[in-house]
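Visitor: Please find structure.tsv (TSV, N, CA and C atoms) on the next line:
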chain	number	residue	atom	x	y	z
A	1	MET	N	40.20	113.36	234.77
A	1	MET	CA	41.22	114.19	234.15
A	1	MET	C	40.70	115.62	234.09
A	2	ALA	N	41.50	116.51	234.56
A	2	ALA	CA	41.09	117.91	234.60
A	2	ALA	C	41.56	118.67	233.37
A	3	GLU	N	42.37	118.05	232.55
A	3	GLU	CA	42.92	118.74	231.38
A	3	GLU	C	41.81	119.13	230.40
A	4	GLN	N	41.84	120.37	229.95
A	4	GLN	CA	40.86	120.86	228.98
A	4	GLN	C	41.16	120.25	227.61
A	5	ALA	N	40.15	119.75	226.97
A	5	ALA	CA	40.33	119.10	225.67
A	5	ALA	C	40.09	120.09	224.54
A	6	ASP	N	40.81	119.91	223.48
A	6	ASP	CA	40.64	120.65	222.25
A	6	ASP	C	39.25	120.33	221.67
A	7	THR	N	38.57	121.34	221.19
A	7	THR	CA	37.20	121.17	220.66
A	7	THR	C	37.16	120.15	219.52
A	8	GLN	N	38.17	120.17	218.66
A	8	GLN	CA	38.19	119.22	217.54
A	8	GLN	C	38.34	117.78	218.04
A	9	ILE	N	39.13	117.60	219.10
A	9	ILE	CA	39.29	116.26	219.66
A	9	ILE	C	37.97	115.78	220.24
A	10	VAL	N	37.29	116.67	220.97
A	10	VAL	CA	35.97	116.31	221.53
A	10	VAL	C	35.03	115.89	220.42
A	11	GLU	N	35.01	116.63	219.31
A	11	GLU	CA	34.13	116.30	218.19
A	11	GLU	C	34.42	114.92	217.62
A	12	VAL	N	35.70	114.57	217.50
A	12	VAL	CA	36.08	113.25	216.98
A	12	VAL	C	35.61	112.16	217.94
A	13	VAL	N	35.85	112.36	219.25
A	13	VAL	CA	35.43	111.38	220.25
A	13	VAL	C	33.91	111.22	220.23
A	14	VAL	N	33.19	112.34	220.18
A	14	VAL	CA	31.72	112.30	220.13
A	14	VAL	C	31.27	111.51	218.90
A	15	ASP	N	31.86	111.78	217.74
A	15	ASP	CA	31.47	111.07	216.52
A	15	ASP	C	31.66	109.56	216.65
A	16	LEU	N	32.74	109.14	217.29
A	16	LEU	CA	32.99	107.71	217.43
A	16	LEU	C	32.05	107.05	218.43
A	17	PHE	N	31.59	107.80	219.42
A	17	PHE	CA	30.66	107.24	220.40
A	17	PHE	C	29.19	107.37	219.97
A	18	ARG	N	28.90	108.17	218.96
A	18	ARG	CA	27.52	108.43	218.54
A	18	ARG	C	26.72	107.15	218.27
A	19	PRO	N	27.28	106.12	217.64
A	19	PRO	CA	26.49	104.90	217.39
A	19	PRO	C	26.02	104.20	218.67
A	20	PHE	N	26.63	104.51	219.81
A	20	PHE	CA	26.28	103.85	221.06
A	20	PHE	C	25.25	104.61	221.88
A	21	LYS	N	24.80	105.76	221.38
A	21	LYS	CA	23.80	106.57	222.09
A	21	LYS	C	22.44	106.18	221.53
A	22	LYS	N	21.74	105.31	222.25
A	22	LYS	CA	20.46	104.80	221.77
A	22	LYS	C	19.29	105.67	222.22
A	23	SER	N	19.39	106.25	223.41
A	23	SER	CA	18.29	107.09	223.90
A	23	SER	C	18.49	108.52	223.43
A	24	GLY	N	17.50	109.37	223.65
A	24	GLY	CA	17.54	110.74	223.20
A	24	GLY	C	18.66	111.55	223.83
A	25	GLY	N	18.89	112.72	223.27
A	25	GLY	CA	19.91	113.61	223.80
A	25	GLY	C	21.21	113.53	223.04
A	26	ASP	N	21.98	114.57	223.18
A	26	ASP	CA	23.26	114.65	222.50
A	26	ASP	C	24.38	114.09	223.36
A	27	ILE	N	25.46	113.75	222.72
A	27	ILE	CA	26.68	113.38	223.43
A	27	ILE	C	27.50	114.65	223.55
A	28	THR	N	27.93	114.95	224.76
A	28	THR	CA	28.74	116.13	225.02
A	28	THR	C	30.00	115.70	225.77
A	29	ALA	N	30.85	116.67	226.08
A	29	ALA	CA	32.06	116.38	226.85
A	29	ALA	C	31.71	115.83	228.22
A	30	GLU	N	30.52	116.16	228.74
A	30	GLU	CA	30.11	115.71	230.07
A	30	GLU	C	29.46	114.33	230.08
A	31	THR	N	29.24	113.75	228.92
A	31	THR	CA	28.59	112.45	228.82
A	31	THR	C	29.46	111.37	229.49
A	32	ASP	N	28.84	110.64	230.42
A	32	ASP	CA	29.51	109.53	231.10
A	32	ASP	C	29.51	108.32	230.16
A	33	ILE	N	30.69	107.88	229.79
A	33	ILE	CA	30.82	106.84	228.75
A	33	ILE	C	30.09	105.55	229.13
A	34	MET	N	30.31	105.03	230.32
A	34	MET	CA	29.71	103.76	230.69
A	34	MET	C	28.25	103.90	231.16
A	35	ALA	N	27.92	105.00	231.82
A	35	ALA	CA	26.58	105.14	232.38
A	35	ALA	C	25.55	105.63	231.36
A	36	GLU	N	25.95	106.48	230.45
A	36	GLU	CA	24.98	107.10	229.54
A	36	GLU	C	24.97	106.51	228.14
A	37	LEU	N	25.99	105.76	227.79
A	37	LEU	CA	26.03	105.15	226.47
A	37	LEU	C	25.81	103.65	226.62
A	38	GLU	N	25.17	103.06	225.64
A	38	GLU	CA	24.94	101.63	225.67
A	38	GLU	C	26.15	100.95	225.02
A	39	ILE	N	27.21	100.82	225.83
A	39	ILE	CA	28.48	100.33	225.31
A	39	ILE	C	29.11	99.39	226.32
A	40	ASP	N	29.74	98.36	225.81
A	40	ASP	CA	30.45	97.44	226.71
A	40	ASP	C	31.95	97.74	226.66
A	41	SER	N	32.69	97.12	227.53
A	41	SER	CA	34.12	97.42	227.66
A	41	SER	C	34.90	97.08	226.39
A	42	VAL	N	34.48	96.04	225.68
A	42	VAL	CA	35.16	95.67	224.44
A	42	VAL	C	34.96	96.76	223.39
A	43	SER	N	33.76	97.29	223.31
A	43	SER	CA	33.49	98.37	222.36
A	43	SER	C	34.24	99.64	222.72
A	44	VAL	N	34.37	99.91	224.02
A	44	VAL	CA	35.16	101.07	224.46
A	44	VAL	C	36.60	100.91	223.98
A	45	LEU	N	37.15	99.71	224.13
A	45	LEU	CA	38.53	99.48	223.67
A	45	LEU	C	38.64	99.63	222.15
A	46	ASP	N	37.61	99.22	221.42
A	46	ASP	CA	37.61	99.41	219.96
A	46	ASP	C	37.65	100.90	219.62
A	47	VAL	N	36.86	101.69	220.33
A	47	VAL	CA	36.85	103.14	220.11
A	47	VAL	C	38.22	103.73	220.46
A	48	VAL	N	38.79	103.29	221.56
A	48	VAL	CA	40.11	103.78	221.98
A	48	VAL	C	41.16	103.44	220.92
A	49	MET	N	41.11	102.23	220.37
A	49	MET	CA	42.07	101.86	219.33
A	49	MET	C	41.89	102.73	218.09
A	50	GLU	N	40.65	103.04	217.75
A	50	GLU	CA	40.38	103.94	216.62
A	50	GLU	C	40.95	105.33	216.89
A	51	LEU	N	40.78	105.81	218.12
A	51	LEU	CA	41.34	107.12	218.50
A	51	LEU	C	42.87	107.10	218.45
A	52	GLU	N	43.46	106.01	218.90
A	52	GLU	CA	44.92	105.88	218.84
A	52	GLU	C	45.41	105.95	217.40
A	53	ASP	N	44.72	105.26	216.51
A	53	ASP	CA	45.09	105.29	215.09
A	53	ASP	C	44.90	106.69	214.51
A	54	ARG	N	43.78	107.28	214.81
A	54	ARG	CA	43.45	108.59	214.23
A	54	ARG	C	44.43	109.67	214.68
A	55	PHE	N	44.84	109.63	215.95
A	55	PHE	CA	45.71	110.68	216.49
A	55	PHE	C	47.17	110.24	216.59
A	56	ASP	N	47.47	109.02	216.14
A	56	ASP	CA	48.83	108.47	216.16
A	56	ASP	C	49.45	108.58	217.56
A	57	ILE	N	48.71	108.04	218.53
A	57	ILE	CA	49.14	108.04	219.93
A	57	ILE	C	48.90	106.66	220.52
A	58	SER	N	49.35	106.48	221.76
A	58	SER	CA	49.05	105.28	222.52
A	58	SER	C	48.46	105.71	223.86
A	59	ILE	N	47.24	105.25	224.15
A	59	ILE	CA	46.58	105.57	225.41
A	59	ILE	C	46.84	104.41	226.36
A	60	PRO	N	47.57	104.64	227.44
A	60	PRO	CA	47.88	103.55	228.38
A	60	PRO	C	46.61	102.94	228.98
A	61	LEU	N	46.56	101.62	229.03
A	61	LEU	CA	45.38	100.93	229.58
A	61	LEU	C	45.14	101.29	231.04
A	62	ASP	N	46.21	101.56	231.80
A	62	ASP	CA	46.02	101.90	233.21
A	62	ASP	C	45.36	103.27	233.39
A	63	LEU	N	45.32	104.06	232.33
A	63	LEU	CA	44.66	105.36	232.38
A	63	LEU	C	43.14	105.23	232.19
A	64	MET	N	42.71	104.18	231.56
A	64	MET	CA	41.30	104.02	231.19
A	64	MET	C	40.32	104.12	232.36
A	65	PRO	N	40.57	103.52	233.51
A	65	PRO	CA	39.59	103.65	234.61
A	65	PRO	C	39.38	105.09	235.09
A	66	LYS	N	40.33	105.97	234.81
A	66	LYS	CA	40.23	107.37	235.24
A	66	LYS	C	39.44	108.21	234.25
A	67	LEU	N	39.16	107.67	233.08
A	67	LEU	CA	38.50	108.41	232.01
A	67	LEU	C	37.02	108.10	232.01
A	68	ARG	N	36.26	108.84	232.81
A	68	ARG	CA	34.84	108.57	232.99
A	68	ARG	C	33.98	109.19	231.90
A	69	THR	N	34.31	110.41	231.48
A	69	THR	CA	33.47	111.11	230.52
A	69	THR	C	34.16	111.24	229.16
A	70	VAL	N	33.37	111.64	228.17
A	70	VAL	CA	33.91	111.92	226.84
A	70	VAL	C	34.99	113.00	226.94
A	71	GLY	N	34.74	114.02	227.76
A	71	GLY	CA	35.72	115.09	227.94
A	71	GLY	C	36.99	114.61	228.60
A	72	ASP	N	36.88	113.67	229.54
A	72	ASP	CA	38.07	113.08	230.16
A	72	ASP	C	38.94	112.40	229.11
A	73	LEU	N	38.31	111.62	228.25
A	73	LEU	CA	39.04	110.91	227.21
A	73	LEU	C	39.67	111.89	226.23
A	74	ALA	N	38.92	112.89	225.82
A	74	ALA	CA	39.45	113.89	224.89
A	74	ALA	C	40.60	114.67	225.54
A	75	GLY	N	40.48	114.99	226.82
A	75	GLY	CA	41.55	115.68	227.54
A	75	GLY	C	42.81	114.84	227.62
A	76	ALA	N	42.65	113.54	227.84
A	76	ALA	CA	43.79	112.64	227.89
A	76	ALA	C	44.48	112.58	226.54
A	77	ILE	N	43.71	112.55	225.48
A	77	ILE	CA	44.28	112.55	224.13
A	77	ILE	C	45.09	113.83	223.91
A	78	ASN	N	44.53	114.95	224.34
A	78	ASN	CA	45.20	116.24	224.24
A	78	ASN	C	46.56	116.22	224.94
A	79	VAL	N	46.58	115.70	226.17
A	79	VAL	CA	47.82	115.64	226.95
A	79	VAL	C	48.83	114.72	226.29
A	80	ILE	N	48.39	113.54	225.87
A	80	ILE	CA	49.28	112.56	225.25
A	80	ILE	C	49.88	113.13	223.95
A	81	ARG	N	49.05	113.80	223.16
A	81	ARG	CA	49.55	114.41	221.93
A	81	ARG	C	50.60	115.47	222.23
A	82	ALA	N	50.37	116.27	223.24
A	82	ALA	CA	51.32	117.32	223.61
A	82	ALA	C	52.64	116.73	224.09
A	83	GLU	N	52.56	115.62	224.80
A	83	GLU	CA	53.77	114.96	225.33
A	83	GLU	C	54.59	114.29	224.25
A	84	THR	N	53.95	113.90	223.15
A	84	THR	CA	54.66	113.16	222.10
A	84	THR	C	55.14	114.05	220.96
A	85	ARG	N	54.89	115.32	221.06
A	85	ARG	CA	55.36	116.24	219.98
A	85	ARG	C	56.80	116.55	220.13
Take the structure in the file and give it back as structure tokens.

Guide:
Amino acid sequence: MAEQADTQIVEVVVDLFRPFKKSGGDITAETDIMAELEIDSVSVLDVVMELEDRFDISIPLDLMPKLRTVGDLAGAINVIRAETR
């Protein structure tokens, strides 16, 4: 996703993924969710459901394979929120 994410959205996504970062370093918009975080697909879906509740949106499951990084996910949230206003 090329859409630029709102900084506050990125911060929320980072906070939700923070428990899955076991090795050193920070989580940023460029963090690859599956490669850099110790997280399984079920946990990713749990985080997505939390994001859906927090932002009162629905993230289509078919969009998930395209969301590789934290920034991709935050950008998708940004787009979905804009479309539902």

Visitor: Just the residues within 7 Å of Met34 in chain A, please, counting all atoms listed in the file, with nothing from its chain fewer than 4 positions along; format it as a tab-separated table (two decimals) with N, CA and C atoms, in the frame of the given file.

Guide:
chain	number	residue	atom	x	y	z
A	38	GLU	N	25.17	103.06	225.64
A	38	GLU	CA	24.94	101.63	225.67
A	38	GLU	C	26.15	100.95	225.02
A	39	ILE	N	27.21	100.82	225.83
A	39	ILE	CA	28.48	100.33	225.31
A	39	ILE	C	29.11	99.39	226.32
A	68	ARG	N	36.26	108.84	232.81
A	68	ARG	CA	34.84	108.57	232.99
A	68	ARG	C	33.98	109.19	231.90
A	69	THR	N	34.31	110.41	231.48
A	69	THR	CA	33.47	111.11	230.52
A	69	THR	C	34.16	111.24	229.16

Visitor: What separation in Å, quoted to one decimal, exists between CA of Glu30 in chain A and atom N of Thr84 in chain A?

Guide: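 One can read the CA of Glu30 in chain A to atom N of Thr84 in chain A distance as 24.9 Å.
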
Visitor: Of the residues A:Val12, A:Leu67, A:Met49, A:Leu61, which is the one nearest to Asp32 in chain A, using all atoms listed in the file?

Guide: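 So, comparing all the options, the nearest one is A:Leu67.
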
Visitor: Could you pull the residues within 6 Å of Val70 in chain A, counting all atoms listed in the file, minus those fewer than 3 positions along the same chain, as a PDB file with N, CA and C atoms, in the frame of the given file?

Guide:
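Just written: selection.pdb:
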ATOM      1  N   THR A  28      27.930 114.950 224.760  1.00  0.00           N
ATOM      2  CA  THR A  28      28.740 116.130 225.020  1.00  0.00           C
ATOM      3  C   THR A  28      30.000 115.700 225.770  1.00  0.00           C
ATOM      4  N   ALA A  29      30.850 116.670 226.080  1.00  0.00           N
ATOM      5  CA  ALA A  29      32.060 116.380 226.850  1.00  0.00           C
ATOM      6  C   ALA A  29      31.710 115.830 228.220  1.00  0.00           C
ATOM      7  N   GLU A  30      30.520 116.160 228.740  1.00  0.00           N
ATOM      8  CA  GLU A  30      30.110 115.710 230.070  1.00  0.00           C
ATOM      9  C   GLU A  30      29.460 114.330 230.080  1.00  0.00           C
ATOM     10  N   THR A  31      29.240 113.750 228.920  1.00  0.00           N
ATOM     11  CA  THR A  31      28.590 112.450 228.820  1.00  0.00           C
ATOM     12  C   THR A  31      29.460 111.370 229.490  1.00  0.00           C
ATOM     13  N   ASP A  32      28.840 110.640 230.420  1.00  0.00           N
ATOM     14  CA  ASP A  32      29.510 109.530 231.100  1.00  0.00           C
ATOM     15  C   ASP A  32      29.510 108.320 230.160  1.00  0.00           C
ATOM     16  N   ILE A  33      30.690 107.880 229.790  1.00  0.00           N
ATOM     17  CA  ILE A  33      30.820 106.840 228.750  1.00  0.00           C
ATOM     18  C   ILE A  33      30.090 105.550 229.130  1.00  0.00           C
ATOM     19  N   LEU A  73      38.310 111.620 228.250  1.00  0.00           N
ATOM     20  CA  LEU A  73      39.040 110.910 227.210  1.00  0.00           C
ATOM     21  C   LEU A  73      39.670 111.890 226.230  1.00  0.00           C
ATOM     22  N   ALA A  74      38.920 112.890 225.820  1.00  0.00           N
ATOM     23  CA  ALA A  74      39.450 113.890 224.890  1.00  0.00           C
ATOM     24  C   ALA A  74      40.600 114.670 225.540  1.00  0.00           C
ATOM     25  N   GLY A  75      40.480 114.990 226.820  1.00  0.00           N
ATOM     26  CA  GLY A  75      41.550 115.680 227.540  1.00  0.00           C
ATOM     27  C   GLY A  75      42.810 114.840 227.620  1.00  0.00           C
TER      28      GLY A  75
END

Visitor: CA of Leu51 in chain A and atom N of Phe17 in chain A are how many Å apart?

Guide: 9.8 Å

Visitor: Skipping near chain neighbours, those fewer than 2 positions away, what residues fall within 9 Å of Asp6 in chain A using only C-alpha atoms, listed as JSON, numbers by chain?

Guide: {"A": [4, 8, 9, 10, 11, 74, 75, 78]}

Visitor: Figure out the distance between CA of Asp26 in chain A and atom C of Asp56 in chain A, please, to one decimal in Å.

Guide: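 Between atom C of Asp56 in chain A and CA of Asp26 in chain A the gap works out to 27.3 Å.
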
Visitor: Can you check which residues of range 27-64 of chain A DSSP gives as alpha helix (DSSP H) on the backbone and send them as a list of chain:residue names?

Guide: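 Taking range 27-64 of chain A and keeping alpha helix (DSSP H) gives A:Ile33, A:Met34, A:Ala35, A:Glu36, A:Ser41, A:Val42, A:Ser43, A:Val44, A:Leu45, A:Asp46, A:Val47, A:Val48, A:Met49, A:Glu50, A:Leu51, A:Glu52, A:Asp53, A:Arg54, A:Phe55.
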
Visitor: Between A:Val48, A:Lys21, A:Asp15, A:Ile57, which has the minimum distance to Val79 in chain A (counting only C-alpha atoms)?

Guide: A:Ile57

Visitor: Might I get the box with edges along x, y and z of the file that holds all atoms of range 13-23 of chain A listed there, padded by 4 Å on every side, given as centre and edge lengths in Å to one decimal, as AutoDock Vina command-line options?

Guide:
--center_x 27.1 --center_y 108.1 --center_z 220.2 --size_x 25.6 --size_y 16.5 --size_z 15.4
